[in-house]
>>> print(open('upload.txt').read())   # compact mmCIF, C-alpha atoms and all ligand atoms
# COMPACT_ATOMS: atom_id res chain seq x y z
CA MET A 1 6.97 5.13 -14.24
CA LYS A 2 9.28 7.46 -12.43
CA VAL A 3 11.83 5.17 -10.78
CA LEU A 4 13.77 6.93 -8.04
CA ILE A 5 16.70 4.98 -6.61
CA CYS A 6 17.57 6.35 -3.19
CA ALA A 7 20.93 6.04 -1.46
CA SER A 8 19.36 4.23 1.48
CA ALA A 9 16.06 2.83 2.69
CA ALA A 10 15.91 5.75 5.13
CA ASP A 11 16.11 8.18 2.19
CA ALA A 12 13.34 6.36 0.31
CA ILE A 13 11.16 6.38 3.44
CA ALA A 14 11.74 10.11 4.06
CA ARG A 15 10.92 10.87 0.44
CA ALA A 16 7.72 8.83 0.60
CA ALA A 17 6.64 10.72 3.72
CA ARG A 18 7.40 14.04 1.98
CA GLN A 19 5.15 13.09 -0.93
CA VAL A 20 2.28 12.36 1.47
CA VAL A 21 2.82 15.67 3.28
CA ALA A 22 2.95 17.51 -0.06
CA THR A 23 -0.28 15.82 -1.20
CA ILE A 24 -2.11 16.98 1.93
CA ALA A 25 -0.58 20.47 1.69
CA ALA A 26 -1.94 20.78 -1.85
CA LYS A 27 -5.34 19.29 -0.90
CA PRO A 28 -6.11 19.24 2.86
CA GLY A 29 -9.15 17.00 2.25
CA ALA A 30 -7.19 14.49 0.16
CA ALA A 31 -8.20 10.85 0.07
CA LEU A 32 -5.19 8.66 0.76
CA GLY A 33 -4.91 4.98 -0.10
CA LEU A 34 -2.88 3.36 2.66
CA ALA A 35 -0.77 0.20 2.80
CA THR A 36 0.21 -1.93 5.76
CA GLY A 37 3.36 -4.03 6.04
CA ALA A 38 6.84 -3.54 7.42
CA THR A 39 7.93 -1.29 4.54
CA PHE A 40 5.48 1.45 5.43
CA ALA A 41 5.84 1.37 9.22
CA PRO A 42 8.72 3.90 9.16
CA VAL A 43 6.82 6.11 6.69
CA TYR A 44 3.95 6.36 9.17
CA ALA A 45 6.45 7.05 11.97
CA ALA A 46 7.80 9.94 9.87
CA LEU A 47 4.25 11.23 9.29
CA VAL A 48 3.50 11.09 13.03
CA ALA A 49 6.70 13.08 13.65
CA ALA A 50 5.71 15.60 10.96
CA HIS A 51 2.27 15.93 12.55
CA ARG A 52 3.77 16.49 16.00
CA ALA A 53 6.06 19.13 14.49
CA GLY A 54 2.97 20.92 13.14
CA GLU A 55 3.91 20.21 9.51
CA VAL A 56 0.79 18.25 8.55
CA SER A 57 -2.79 17.83 9.70
CA PHE A 58 -4.97 14.85 8.84
CA ALA A 59 -8.11 16.55 10.19
CA ARG A 60 -9.77 16.71 6.76
CA VAL A 61 -8.09 13.67 5.22
CA ALA A 62 -9.98 10.50 4.32
CA SER A 63 -8.08 7.23 4.15
CA PHE A 64 -8.80 3.88 2.57
CA ASN A 65 -6.58 0.94 3.36
CA LEU A 66 -5.81 -1.52 0.62
CA ASP A 67 -6.85 -4.64 2.42
CA GLU A 68 -7.86 -6.47 5.59
CA TYR A 69 -7.71 -10.08 6.69
CA VAL A 70 -10.93 -12.08 6.62
CA GLY A 71 -12.00 -13.70 9.87
CA LEU A 72 -9.59 -11.92 12.21
CA PRO A 73 -11.41 -9.91 14.91
CA ALA A 74 -10.93 -6.15 14.30
CA ALA A 75 -9.34 -5.87 17.76
CA HIS A 76 -6.81 -8.66 17.08
CA PRO A 77 -3.31 -7.12 17.31
CA GLN A 78 -2.49 -8.34 13.79
CA SER A 79 -5.64 -7.07 12.10
CA TYR A 80 -4.73 -4.31 9.69
CA ARG A 81 -7.06 -1.97 11.56
CA SER A 82 -5.07 -2.57 14.75
CA GLU A 83 -1.82 -2.16 12.82
CA MET A 84 -2.95 1.14 11.33
CA ARG A 85 -4.07 2.42 14.73
CA ARG A 86 -0.68 1.55 16.23
CA MET A 87 1.29 3.04 13.36
CA LEU A 88 -0.74 6.14 12.48
CA PHE A 89 -4.40 6.63 13.39
CA ASP A 90 -3.94 6.81 17.18
CA HIS A 91 -1.16 9.39 16.86
CA VAL A 92 -2.54 11.94 14.40
CA ASP A 93 -5.69 14.04 14.15
CA ILE A 94 -7.45 11.90 11.54
CA ASP A 95 -11.22 11.52 12.07
CA PRO A 96 -11.71 7.78 12.86
CA ALA A 97 -14.98 7.92 10.90
CA ARG A 98 -12.99 8.78 7.76
CA ALA A 99 -10.25 6.15 8.29
CA HIS A 100 -11.61 3.23 6.29
CA LEU A 101 -10.62 -0.41 6.02
CA PRO A 102 -12.65 -3.23 4.55
CA ASP A 103 -14.55 -5.13 7.25
CA GLY A 104 -12.99 -8.59 7.23
CA ASN A 105 -15.76 -9.87 9.49
CA ALA A 106 -18.69 -8.77 7.38
CA ALA A 107 -21.44 -11.40 7.17
CA ASP A 108 -21.47 -10.93 3.41
CA PRO A 109 -17.88 -10.27 2.26
CA ASP A 110 -18.89 -9.75 -1.37
CA ALA A 111 -21.39 -7.05 -0.39
CA GLU A 112 -18.75 -5.50 1.85
CA ALA A 113 -16.27 -5.41 -1.03
CA ALA A 114 -18.79 -3.71 -3.31
CA ARG A 115 -19.64 -1.24 -0.53
CA TYR A 116 -15.92 -0.42 -0.16
CA ASP A 117 -15.54 0.46 -3.84
CA ARG A 118 -18.64 2.66 -3.58
CA ALA A 119 -17.22 4.42 -0.49
CA ILE A 120 -14.00 5.21 -2.38
CA ALA A 121 -16.02 6.63 -5.27
CA ALA A 122 -18.22 8.63 -2.87
CA ALA A 123 -15.09 10.20 -1.37
CA GLY A 124 -14.17 11.41 -4.86
CA GLY A 125 -11.58 8.70 -5.58
CA ILE A 126 -8.11 8.31 -4.16
CA ASP A 127 -5.63 11.15 -4.64
CA LEU A 128 -2.49 9.27 -3.60
CA GLN A 129 -2.31 5.51 -3.30
CA LEU A 130 0.58 4.08 -1.27
CA LEU A 131 1.68 0.62 -2.29
CA GLY A 132 4.12 -1.88 -0.87
CA LEU A 133 5.27 -4.80 -2.99
CA GLY A 134 4.90 -8.48 -2.15
CA VAL A 135 7.90 -10.72 -2.81
CA ASN A 136 5.71 -12.42 -5.40
CA GLY A 137 4.74 -9.13 -7.10
CA HIS A 138 1.43 -8.65 -5.31
CA ILE A 139 -0.06 -5.25 -4.55
CA GLY A 140 -2.62 -5.15 -1.77
CA PHE A 141 -3.46 -8.84 -1.64
CA ASN A 142 -3.79 -9.18 -5.40
CA GLU A 143 -1.81 -12.38 -5.69
CA PRO A 144 -0.26 -13.67 -8.93
CA SER A 145 -3.01 -14.60 -11.41
CA SER A 146 -5.31 -11.86 -10.05
CA SER A 147 -7.31 -10.25 -12.82
CA LEU A 148 -5.79 -6.94 -13.82
CA GLY A 149 -9.39 -5.74 -14.16
CA SER A 150 -10.36 -6.81 -10.63
CA ARG A 151 -12.38 -4.71 -8.20
CA THR A 152 -12.36 -4.97 -4.41
CA ARG A 153 -13.18 -8.57 -3.48
CA THR A 154 -12.19 -11.49 -1.28
CA LYS A 155 -8.96 -13.16 -2.27
CA ASP A 156 -7.23 -16.32 -1.04
CA LEU A 157 -3.66 -15.60 0.00
CA ALA A 158 -0.81 -17.29 -1.84
CA PRO A 159 1.50 -19.66 0.10
CA PRO A 160 4.51 -17.22 -0.01
CA THR A 161 2.29 -14.48 1.44
CA ILE A 162 1.02 -16.70 4.24
CA ALA A 163 4.63 -17.73 4.94
CA ALA A 164 5.81 -14.08 4.97
CA ASN A 165 3.01 -13.10 7.36
CA ARG A 166 3.67 -15.99 9.75
CA ARG A 167 6.36 -13.95 11.54
CA PHE A 168 3.72 -11.55 12.83
CA PHE A 169 1.69 -14.28 14.57
CA PRO A 170 2.63 -16.11 17.78
CA ALA A 171 3.84 -19.70 17.44
CA GLY A 172 0.87 -22.00 17.14
CA GLU A 173 -1.47 -19.34 15.73
CA GLU A 174 -2.16 -19.79 12.05
CA PRO A 175 -2.06 -16.60 9.95
CA PRO A 176 -5.24 -15.86 7.99
CA ARG A 177 -5.67 -17.40 4.56
CA GLN A 178 -8.11 -14.92 3.07
CA SER A 179 -8.45 -11.17 2.70
CA ILE A 180 -10.68 -8.48 1.30
CA THR A 181 -8.46 -6.41 -0.98
CA MET A 182 -8.87 -3.51 -3.35
CA GLY A 183 -8.67 -4.91 -6.86
CA VAL A 184 -5.99 -4.05 -9.38
CA ALA A 185 -8.48 -1.90 -11.33
CA THR A 186 -9.54 -0.16 -8.11
CA ILE A 187 -5.91 0.68 -7.38
CA MET A 188 -5.36 1.87 -10.95
CA GLU A 189 -8.08 4.53 -10.54
CA ALA A 190 -5.99 6.48 -8.00
CA ARG A 191 -4.80 9.79 -9.40
CA ASP A 192 -1.23 9.28 -8.15
CA ILE A 193 0.48 6.10 -7.01
CA LEU A 194 3.59 5.75 -4.89
CA LEU A 195 5.17 2.30 -4.73
CA LEU A 196 7.84 1.84 -2.07
CA ALA A 197 10.18 -1.16 -2.14
CA THR A 198 13.21 -1.58 0.09
CA GLY A 199 15.61 -4.44 0.68
CA ALA A 200 17.11 -7.17 -1.48
CA ALA A 201 14.12 -9.49 -0.94
CA LYS A 202 12.09 -7.19 -3.24
CA ALA A 203 14.66 -7.00 -6.08
CA ALA A 204 13.16 -9.70 -8.30
CA ALA A 205 9.59 -8.48 -7.80
CA LEU A 206 10.63 -4.87 -8.49
CA ARG A 207 12.35 -5.84 -11.71
CA ALA A 208 9.26 -7.74 -12.83
CA THR A 209 7.09 -4.74 -11.87
CA VAL A 210 9.10 -2.09 -13.70
CA GLU A 211 10.81 -3.90 -16.54
CA GLY A 212 8.95 -7.16 -16.98
CA PRO A 213 5.99 -7.78 -19.27
CA VAL A 214 2.59 -6.65 -18.00
CA THR A 215 1.16 -9.86 -16.69
CA ALA A 216 -1.30 -11.09 -14.07
CA PHE A 217 1.58 -13.28 -12.92
CA CYS A 218 3.03 -10.07 -11.43
CA PRO A 219 -0.02 -7.90 -10.59
CA ALA A 220 2.21 -4.89 -9.80
CA SER A 221 3.28 -4.84 -13.47
CA ALA A 222 -0.19 -3.41 -14.29
CA LEU A 223 1.18 -0.14 -12.91
CA GLN A 224 3.04 0.26 -16.22
CA PHE A 225 -0.32 1.40 -17.62
CA HIS A 226 -0.74 4.14 -15.01
CA PRO A 227 0.47 7.61 -16.09
CA ARG A 228 1.47 8.85 -12.63
CA VAL A 229 3.43 6.23 -10.72
CA THR A 230 6.47 7.02 -8.62
CA VAL A 231 8.60 4.06 -7.59
CA LEU A 232 10.81 4.77 -4.60
CA CYS A 233 13.41 2.13 -3.81
CA ASP A 234 16.78 1.68 -2.18
CA GLU A 235 19.88 0.29 -3.89
CA ALA A 236 19.19 -3.24 -2.64
CA ALA A 237 15.67 -3.37 -4.10
CA ALA A 238 16.94 -1.72 -7.31
CA SER A 239 19.79 -4.19 -7.75
CA GLY A 240 17.99 -6.24 -10.42
CA LEU A 241 17.00 -3.30 -12.65
CA ALA A 242 18.56 -3.18 -16.12
CA LEU A 243 18.12 0.56 -16.77
CA MET A 244 19.61 1.75 -13.51
CA ASP A 245 21.76 4.49 -15.11
CA TYR A 246 18.74 5.91 -16.95
CA TYR A 247 16.65 6.04 -13.77
CA ARG A 248 19.45 7.84 -11.93
CA GLY A 249 19.64 10.37 -14.75
CA ILE A 250 15.96 11.30 -14.58
CA ASP A 251 15.95 11.86 -10.81
CA HIS A 252 15.92 15.62 -10.34
CA GLY A 253 14.94 15.59 -6.68
CA ASP A 254 11.53 16.20 -5.10
C1 LIG B 1 1.40 -7.56 2.57
C2 LIG B 1 0.28 -6.50 2.32
C3 LIG B 1 0.70 -5.53 1.25
C4 LIG B 1 2.12 -5.14 1.56
C5 LIG B 1 3.02 -6.28 1.18
C6 LIG B 1 4.48 -6.07 1.51
O1 LIG B 1 0.99 -8.87 2.49
N1 LIG B 1 -1.01 -7.00 2.01
O2 LIG B 1 -0.18 -4.43 1.24
O3 LIG B 1 2.49 -4.03 0.80
O4 LIG B 1 2.50 -7.50 1.68
O5 LIG B 1 4.70 -6.17 2.89
P1 LIG B 1 6.04 -5.74 3.57
O6 LIG B 1 6.13 -4.27 3.45
O7 LIG B 1 5.92 -6.19 5.01
O8 LIG B 1 7.15 -6.42 2.85
>>> encode(input="upload.txt", output="structure tokens", more="lines below")
Ligand code: GLP
Amino acid sequence: MKVLICASAADAIARAARQVVATIAAKPGAALGLATGATFAPVYAALVAAHRAGEVSFARVASFNLDEYVGLPAAHPQSYRSEMRRMLFDHVDIDPARAHLPDGNAADPDAEAARYDRAIAAAGGIDLQLLGLGVNGHIGFNEPSSSLGSRTRTKDLAPPTIAANRRFFPAGEEPPRQSITMGVATIMEARDILLLATGAAKAAALRATVEGPVTAFCPASALQFHPRVTVLCDEAAASGLALMDYYRGIDHGD
């Protein structure tokens, strides 16, 4: 893993956006794996700004989001499809037909999950997978104890995840308890992976991801087996890392 400790969250966000722009510059028809969540909102804002400045076009890009809630109408403001439209899709030139999310309302969620894996394969696989990090070490919605060999499937959300998501729902409205998420093995097939973690709340999970044992108890730790992972973090998220000086030494810029 290439662990890059940035001076600020803003630096980490700008660097993440630059890697996306560079990926599309090298391959205009790239397939991007996208993440939702608060961490990536400013990355998408930076990409919208880059698009408006004429620095990047999504016209030939395909995208596959990591996950979607089960049972939330697609038009619900907190569905991940709505979130992605607000943050990115409605503001860039991506073809909506190539901006994929699992269908959390599919009559047969298992068939939908299998279809999603096939669609990723049909697009030639994911060139760059963006990942946020759950406070419990989840990636996508692969909660602790998820099989490290898992494919896209339905997954019950863990109590800390439901609690963390509660802030996005109005008082009295229960957040969803189930998702369709890319599996850990699905994620591991991406050619490049960029994990972004900012803020002190992610410090313990980041340490477990980078320096802990590989364990289903921290699904993000499976990334240790991937040859091309960049971890971008700020000082607060990095604060639990033991080899901080080493990571700083190997950072030679973009
Ligand atoms: C959510 C999403 C993940 C996201 C993570 C972190 O539950 N399913 O894809 O990366 O948790 O979210 P945040 O960036 O808001 O901390």
>>> residues_around(input="upload.txt", residues="His252 (chain A)", least_positions_apart="5", cutoff="12 Å", atoms="only C-alpha atoms", output="PyMOL selection string")
chain A and resi 2-6+247
>>> residues_near_ligand(input="upload.txt", ligand="ligand LIG 1 (chain B)", cutoff="7 Å", atoms="all atoms listed in the file", output="count of residues only")
17
>>> closest_residue(input="upload.txt", among="A:Ala99, A:Ile13, A:Met84, A:Val184", to="Cys218 (chain A)", atoms="only C-alpha atoms")
A:Val184
>>> closest_residue(input="upload.txt", among="A:Ala22, A:Val43, A:Met1, A:Val70", to="Val231 (chain A)", atoms="all atoms listed in the file")
A:Met1
>>> closest_residue(input="upload.txt", among="A:Ala185, A:Ala12, A:Ala45, A:Leu101", to="Arg151 (chain A)", atoms="all atoms listed in the file")
A:Ala185
>>> closest_residue(input="upload.txt", among="A:Ala14, A:Val229, A:Leu241, A:Ala204", to="Ala41 (chain A)", atoms="all atoms listed in the file")
A:Ala14
